[in-house]
Structures are given as structure tokens and as C-alpha cells.
Amino acid sequence: MPHVIEIVLFPEVLGLDVFGPVEVFHTASRILEQTQGIKQAYSFRFAAAEAGPIRLSSGAEIMAQTDFIEPFQGDMLLIPGGLGAHMMAKNADFVKIIRDRAKQAKRILSVCHGAFLLAAAGLLDGKRAATHWLGADDLAAQYPKVRVEPDAIFIQDGAVYTSAGVTAGIDLALAVVEEDFGMATALDAARMLVLYYKRPGGQSQFSTPLKAQEAAGKRFSPLHNWLLKNLESDISVEDMANRSAMSERNFARVFKSETGMTPGKYLEALRLDRAREILISGGESLDGVAQASGFGREERFRRAFYRKFGVTPSQYRLHFAAG
């Protein structure tokens with residue numbers, strides 16, 4: 001059966017959160033019409049508090065065809081993100097509209113920070129959820145009933161689908177197409193749009209390097225600076241404790257309390273960030289990267305890298321290297 005998707009618009013919504021999924025669903029519709037004779041497999045209703053032009057975060061405008069006075073007429077509700085999502089999450093009337101329309105939808109989808117609107121409406125209580133990696137900690141702190149998974153590209157929990165930042169809405173839309181019309185149609189849509197059918201790894205591979213200097217604080221700042229200068233050396237927790245003039249046991253306890261990480265995990269995070277820098281700059285062999293970042297053996301480096309980022313060092317270099 002054809003699917004009607006109502007897309008909720010609001011000021012400062014992020015354009016790609018809207019148009020990324022729309023283009024996937026539209027492309028799938030074209031493919032299904034050509035291959036199976038299914039007309040308008042997906043159609044769209046753009047709804048806002050008032051019908052008319054809505055300013056996107058880029059300054060461009062999109063036309064809302066209808067307002068929220070009109071009853072919900074779709075079977076899917078899509079909530080995009082952007083800075084406007086945070087503003088609207090504080091608007092009780094708008095949140096109530098989301099909650100009421102979601103009750104009538106068979107599936108509820110959010111992109112990026114659209115998850116904050118779903119959370120404000122109570123629609124993520126007790127559920128697993130994804131959002132942009134920059135907002136994952138805030139979502140978990142503001143809505144403790146939500147089980148935030150910070151590395152996920154997208155998550156389905158029952159009738160609610162949430163996705164990570166911006167282009168992850170495209171991944172989510174492809175998954176919905178596969179659910180509705182099968183893998184072949186989703187794969188054809190991905191090919192048509194020159195997309196990954198299933199993106200490798202999680203969103204941690206896109207995150208900025210660890211803000212380790214900030215995490216270390218004033219107390220462990222000298223240790224942090226020493227570690228950065230000696231990452232390629234064989235460093236033990238005992239060495240770190242000695243540099244901090246503390247017993248190993250007390251150091252491990254205080255360090256974790258102040259940084260949120262064990263000394264070993266902190267050191268590994270610094271080494272992984274150094275490895276990412278070297279991989280992006282290109283040139284070095286994987287064995288050379290392992291040596292320069294302090295992992296020593298290439299196999300040990302590859303295991304740690306994949307465990308953290310969900311892609312191999314070679315895949316990461318392929319995706320992100322400058323040239």
C-alpha cells in the first residue's frame with residue numbers, strides 16, 4: 001500500500017534532515033512505479049504551525065502545505081532536526097502537537113536532533129534512541145528515561161525510528177524502504193543516489209578527537225601533556241601514577257573520578273586520536289601508524305581501532321584521507 005509521510009516543519013529546521021529522507025523515498029517511488037507499477041509508493045505532506053513558507057537554518061525556505069489544524073492523514077510522522085528542534089522542544093504547545101499526531105501514526109521517524117522533540121513528548125521513554133553524536137550526552141542528561149546509544153547510525157525500537165546526525169536520515173530512510181518493499185528496491189535506490197546501502201561502522205568515526213585536555217582538568221594537565229609527547233613509548237598505569245606523584249591505586253581511583261575514564265582507556269583514546277591524524281594525513285603504512293601512535297603491533301592497533309570506530313583503519317583512511 002502507498003505510504004503517506006507527514007513531515008513536521010518549524011523555523012530553523014535543517015534542510016538536509018528533510019530533503020535527505022525525502023529524496024530516498026521519492027527515488028524508491030520512481031523505481032517501484034517503473035518496475036512494479038506501484039504509483040506513489042511514498043507521498044509527502046509538509047505540515048507546520050501555519051501553512052506557508054518556513055525558513056530553514058540555511059536561510060532557504062520550504063513551503064508547508066498544511067497546518068496542524070488539519071487532522072493527521074499519514075501513516076508515518078517524520079521529525080527533522082536542526083537548532084530549531086531544541087527551541088521547539090521547549091514549546092509545550094508544539095510538543096503536545098507532536099505527541100497527539102504521533103498517536104495516530106503507525107511509525108514515527110526522527111532525524112538528528114529531532115530526537116529531542118520526541119523525547120520532550122515522552123515518545124522515547126524506555127526506548128533505545130540515536131541522535132547526532134554532538135547531542136547524545138545532552139539527550140541522555142535531559143531525558144534520563146531515554147536509552148541513548150551514542151554510536152548508532154539509526155535505531156528502531158517498536159514503532160519509533162531515530163537516527164544520528166544529518167545524513168543518517170538517509171540511512172534510516174533506506175532501512176524503511178527495505179522494510180516496506182524489500183532489499184532489492186532499497187539497493188536500487190542507494191545505487192541511483194550513489195549512496196552506501198549500509199554505511200560501515202558507527203557515528204563515532206565522524207566525531208571530533210577526544211577533548212582530552214579538557215577532560216584531564218588542571219590536576220592532570222601535566223600528565224596529559226607528557227602523554228602526548230610520549231605516546232609511541234611503552235607506558236604503564238604505574239608510569240602515569242609516578243608522573244602524578246601518586247600511588248598506583250590512588251591514582252587510578254582519582255583519575256577515573258575526575259576524567260570519567262580509567263587511565264588505560266584514556267591512554268588508548270589519545271593513541272586512537274593520534275592514529276586518526278596520521279591516517280588522514282596519509283603516507284604511513286598501517287604498521288607505521290601502529291608504531292607512531294604507541295600500539296606497537298599492527299594487529300593490536302587494528303583491533304582497538306575497529307572496536308572504537310566500527311571500521312578498519314584502511315576503511316577510515318579511504319573515507320577521510322585528504323588525498
# chains A, B, ... in the order shown; residues from 1 in each chain; ligands from 1

call {"tool": "select_by_dssp", "arguments": {"residues": "region 79-292 of chain A", "states": "strand (DSSP E)", "output": "list in words"}}
result
Ile79, Arg107, Ile108, Leu109, Ser110, Arg128, Ala129, Arg147, Val148, Phe154, Ile155, Gln156, Asp157, Val160, Tyr161, Thr162 and Ser163 of chain A

call {"tool": "write_last_selection", "arguments": {"atoms": "N, CA and C atoms", "output": "CSV table (one decimal), in the first residue's frame"}}
result
chain,number,residue,atom,x,y,z
A,79,ILE,N,10.1,13.7,12.0
A,79,ILE,CA,10.5,14.9,12.7
A,79,ILE,C,12.0,15.1,12.4
A,107,ARG,N,4.2,4.7,12.3
A,107,ARG,CA,5.6,4.7,12.5
A,107,ARG,C,6.0,6.2,12.7
A,108,ILE,N,6.9,6.4,13.6
A,108,ILE,CA,7.4,7.7,13.9
A,108,ILE,C,8.9,7.7,13.7
A,109,LEU,N,9.4,8.7,12.9
A,109,LEU,CA,10.8,8.8,12.5
A,109,LEU,C,11.4,10.1,12.9
A,110,SER,N,12.6,10.1,13.4
A,110,SER,CA,13.3,11.4,13.7
A,110,SER,C,14.7,11.3,13.1
A,128,ARG,N,15.3,2.7,23.2
A,128,ARG,CA,16.6,3.0,22.7
A,128,ARG,C,16.5,4.1,21.7
A,129,ALA,N,17.5,4.9,21.6
A,129,ALA,CA,17.4,6.1,20.7
A,129,ALA,C,18.8,6.5,20.2
A,147,ARG,N,17.1,5.6,26.5
A,147,ARG,CA,18.3,4.8,26.5
A,147,ARG,C,19.1,5.2,25.3
A,148,VAL,N,19.9,6.2,25.4
A,148,VAL,CA,20.6,6.8,24.3
A,148,VAL,C,21.8,5.9,23.9
A,154,PHE,N,21.3,4.5,13.2
A,154,PHE,CA,19.9,4.6,13.4
A,154,PHE,C,19.4,3.5,14.3
A,155,ILE,N,18.3,3.6,14.9
A,155,ILE,CA,17.7,2.6,15.8
A,155,ILE,C,16.2,2.5,15.5
A,156,GLN,N,15.8,1.3,15.5
A,156,GLN,CA,14.3,1.0,15.5
A,156,GLN,C,14.0,0.4,16.9
A,157,ASP,N,13.0,1.0,17.6
A,157,ASP,CA,12.5,0.4,18.8
A,157,ASP,C,11.0,0.5,18.7
A,160,VAL,N,9.0,3.4,16.7
A,160,VAL,CA,9.8,4.6,16.7
A,160,VAL,C,11.2,4.3,16.1
A,161,TYR,N,11.6,5.2,15.2
A,161,TYR,CA,12.8,5.1,14.5
A,161,TYR,C,13.6,6.4,14.7
A,162,THR,N,14.8,6.3,15.2
A,162,THR,CA,15.6,7.5,15.4
A,162,THR,C,16.9,7.4,14.7
A,163,SER,N,17.5,8.5,14.2
A,163,SER,CA,18.7,8.4,13.5
A,163,SER,C,19.7,9.4,14.0

call {"tool": "residues_around", "arguments": {"residues": "region 305-310 of chain A", "least_positions_apart": "5", "cutoff": "10 Å", "atoms": "only C-alpha atoms", "output": "PDB file with N, CA and C atoms, in the first residue's frame"}}
result
ATOM      1  N   ASP A 151      26.660   5.770  19.554  1.00  0.00           N
ATOM      2  CA  ASP A 151      27.403   5.400  18.342  1.00  0.00           C
ATOM      3  C   ASP A 151      26.492   4.941  17.209  1.00  0.00           C
ATOM      4  N   PRO A 200      29.211   1.541   6.625  1.00  0.00           N
ATOM      5  CA  PRO A 200      30.058   0.788   7.553  1.00  0.00           C
ATOM      6  C   PRO A 200      30.329   1.576   8.827  1.00  0.00           C
ATOM      7  N   GLY A 201      30.337   0.864   9.955  1.00  0.00           N
ATOM      8  CA  GLY A 201      30.708   1.470  11.223  1.00  0.00           C
ATOM      9  C   GLY A 201      29.633   2.333  11.840  1.00  0.00           C
ATOM     10  N   GLY A 202      29.941   2.844  13.024  1.00  0.00           N
ATOM     11  CA  GLY A 202      29.026   3.723  13.738  1.00  0.00           C
ATOM     12  C   GLY A 202      29.412   5.172  13.551  1.00  0.00           C
ATOM     13  N   GLN A 203      28.711   6.085  14.247  1.00  0.00           N
ATOM     14  CA  GLN A 203      28.978   7.500  14.024  1.00  0.00           C
ATOM     15  C   GLN A 203      30.171   8.019  14.816  1.00  0.00           C
ATOM     16  N   SER A 204      30.756   7.183  15.686  1.00  0.00           N
ATOM     17  CA  SER A 204      31.952   7.637  16.401  1.00  0.00           C
ATOM     18  C   SER A 204      33.085   7.952  15.440  1.00  0.00           C
ATOM     19  N   GLN A 205      33.083   7.317  14.247  1.00  0.00           N
ATOM     20  CA  GLN A 205      34.150   7.586  13.277  1.00  0.00           C
ATOM     21  C   GLN A 205      34.102   9.030  12.771  1.00  0.00           C
ATOM     22  N   PHE A 206      32.944   9.695  12.942  1.00  0.00           N
ATOM     23  CA  PHE A 206      32.803  11.079  12.476  1.00  0.00           C
ATOM     24  C   PHE A 206      33.039  12.088  13.590  1.00  0.00           C
ATOM     25  N   SER A 207      33.151  11.612  14.823  1.00  0.00           N
ATOM     26  CA  SER A 207      33.259  12.526  15.960  1.00  0.00           C
ATOM     27  C   SER A 207      34.605  13.234  15.964  1.00  0.00           C
ATOM     28  N   GLU A 268      44.502   4.930  25.652  1.00  0.00           N
ATOM     29  CA  GLU A 268      44.087   4.358  24.367  1.00  0.00           C
ATOM     30  C   GLU A 268      43.365   5.394  23.516  1.00  0.00           C
ATOM     31  N   ALA A 269      42.522   6.222  24.157  1.00  0.00           N
ATOM     32  CA  ALA A 269      41.806   7.260  23.409  1.00  0.00           C
ATOM     33  C   ALA A 269      42.781   8.257  22.789  1.00  0.00           C
ATOM     34  N   ARG A 271      45.852   7.641  21.917  1.00  0.00           N
ATOM     35  CA  ARG A 271      46.555   6.943  20.839  1.00  0.00           C
ATOM     36  C   ARG A 271      45.669   6.779  19.607  1.00  0.00           C
ATOM     37  N   LEU A 272      44.392   6.527  19.810  1.00  0.00           N
ATOM     38  CA  LEU A 272      43.472   6.410  18.681  1.00  0.00           C
ATOM     39  C   LEU A 272      43.322   7.745  17.956  1.00  0.00           C
ATOM     40  N   ASP A 273      43.271   8.827  18.709  1.00  0.00           N
ATOM     41  CA  ASP A 273      43.190  10.146  18.077  1.00  0.00           C
ATOM     42  C   ASP A 273      44.469  10.456  17.294  1.00  0.00           C
ATOM     43  N   ALA A 275      46.377   8.208  15.949  1.00  0.00           N
ATOM     44  CA  ALA A 275      46.308   7.329  14.772  1.00  0.00           C
ATOM     45  C   ALA A 275      45.395   7.916  13.709  1.00  0.00           C
ATOM     46  N   ARG A 276      44.259   8.492  14.116  1.00  0.00           N
ATOM     47  CA  ARG A 276      43.350   9.109  13.137  1.00  0.00           C
ATOM     48  C   ARG A 276      44.047  10.250  12.397  1.00  0.00           C
ATOM     49  N   GLU A 299      48.331  -5.565  14.486  1.00  0.00           N
ATOM     50  CA  GLU A 299      47.118  -6.308  14.836  1.00  0.00           C
ATOM     51  C   GLU A 299      46.437  -5.706  16.066  1.00  0.00           C
ATOM     52  N   ARG A 300      47.229  -5.345  17.058  1.00  0.00           N
ATOM     53  CA  ARG A 300      46.677  -4.721  18.262  1.00  0.00           C
ATOM     54  C   ARG A 300      46.012  -3.388  17.914  1.00  0.00           C
ATOM     55  N   GLN A 315      39.671   1.352   5.988  1.00  0.00           N
ATOM     56  CA  GLN A 315      38.401   1.956   5.585  1.00  0.00           C
ATOM     57  C   GLN A 315      38.345   3.417   6.010  1.00  0.00           C
ATOM     58  N   TYR A 316      38.809   3.696   7.214  1.00  0.00           N
ATOM     59  CA  TYR A 316      38.802   5.072   7.712  1.00  0.00           C
ATOM     60  C   TYR A 316      39.652   5.969   6.814  1.00  0.00           C
TER      61      TYR A 316
END

call {"tool": "closest_residue", "arguments": {"among": "A:Ile31, A:Ala141, A:Leu117, A:Leu231", "to": "Val289 (chain A)", "atoms": "only C-alpha atoms"}}
result
A:Leu231

call {"tool": "closest_residue", "arguments": {"among": "A:Ser257, A:Leu223, A:Ser57, A:Gly264", "to": "Ser244 (chain A)", "atoms": "only C-alpha atoms"}}
result
A:Leu223

call {"tool": "closest_residue", "arguments": {"among": "A:Glu149, A:Asp188, A:Glu232, A:Asp171", "to": "Gly20 (chain A)", "atoms": "only C-alpha atoms"}}
result
A:Asp171
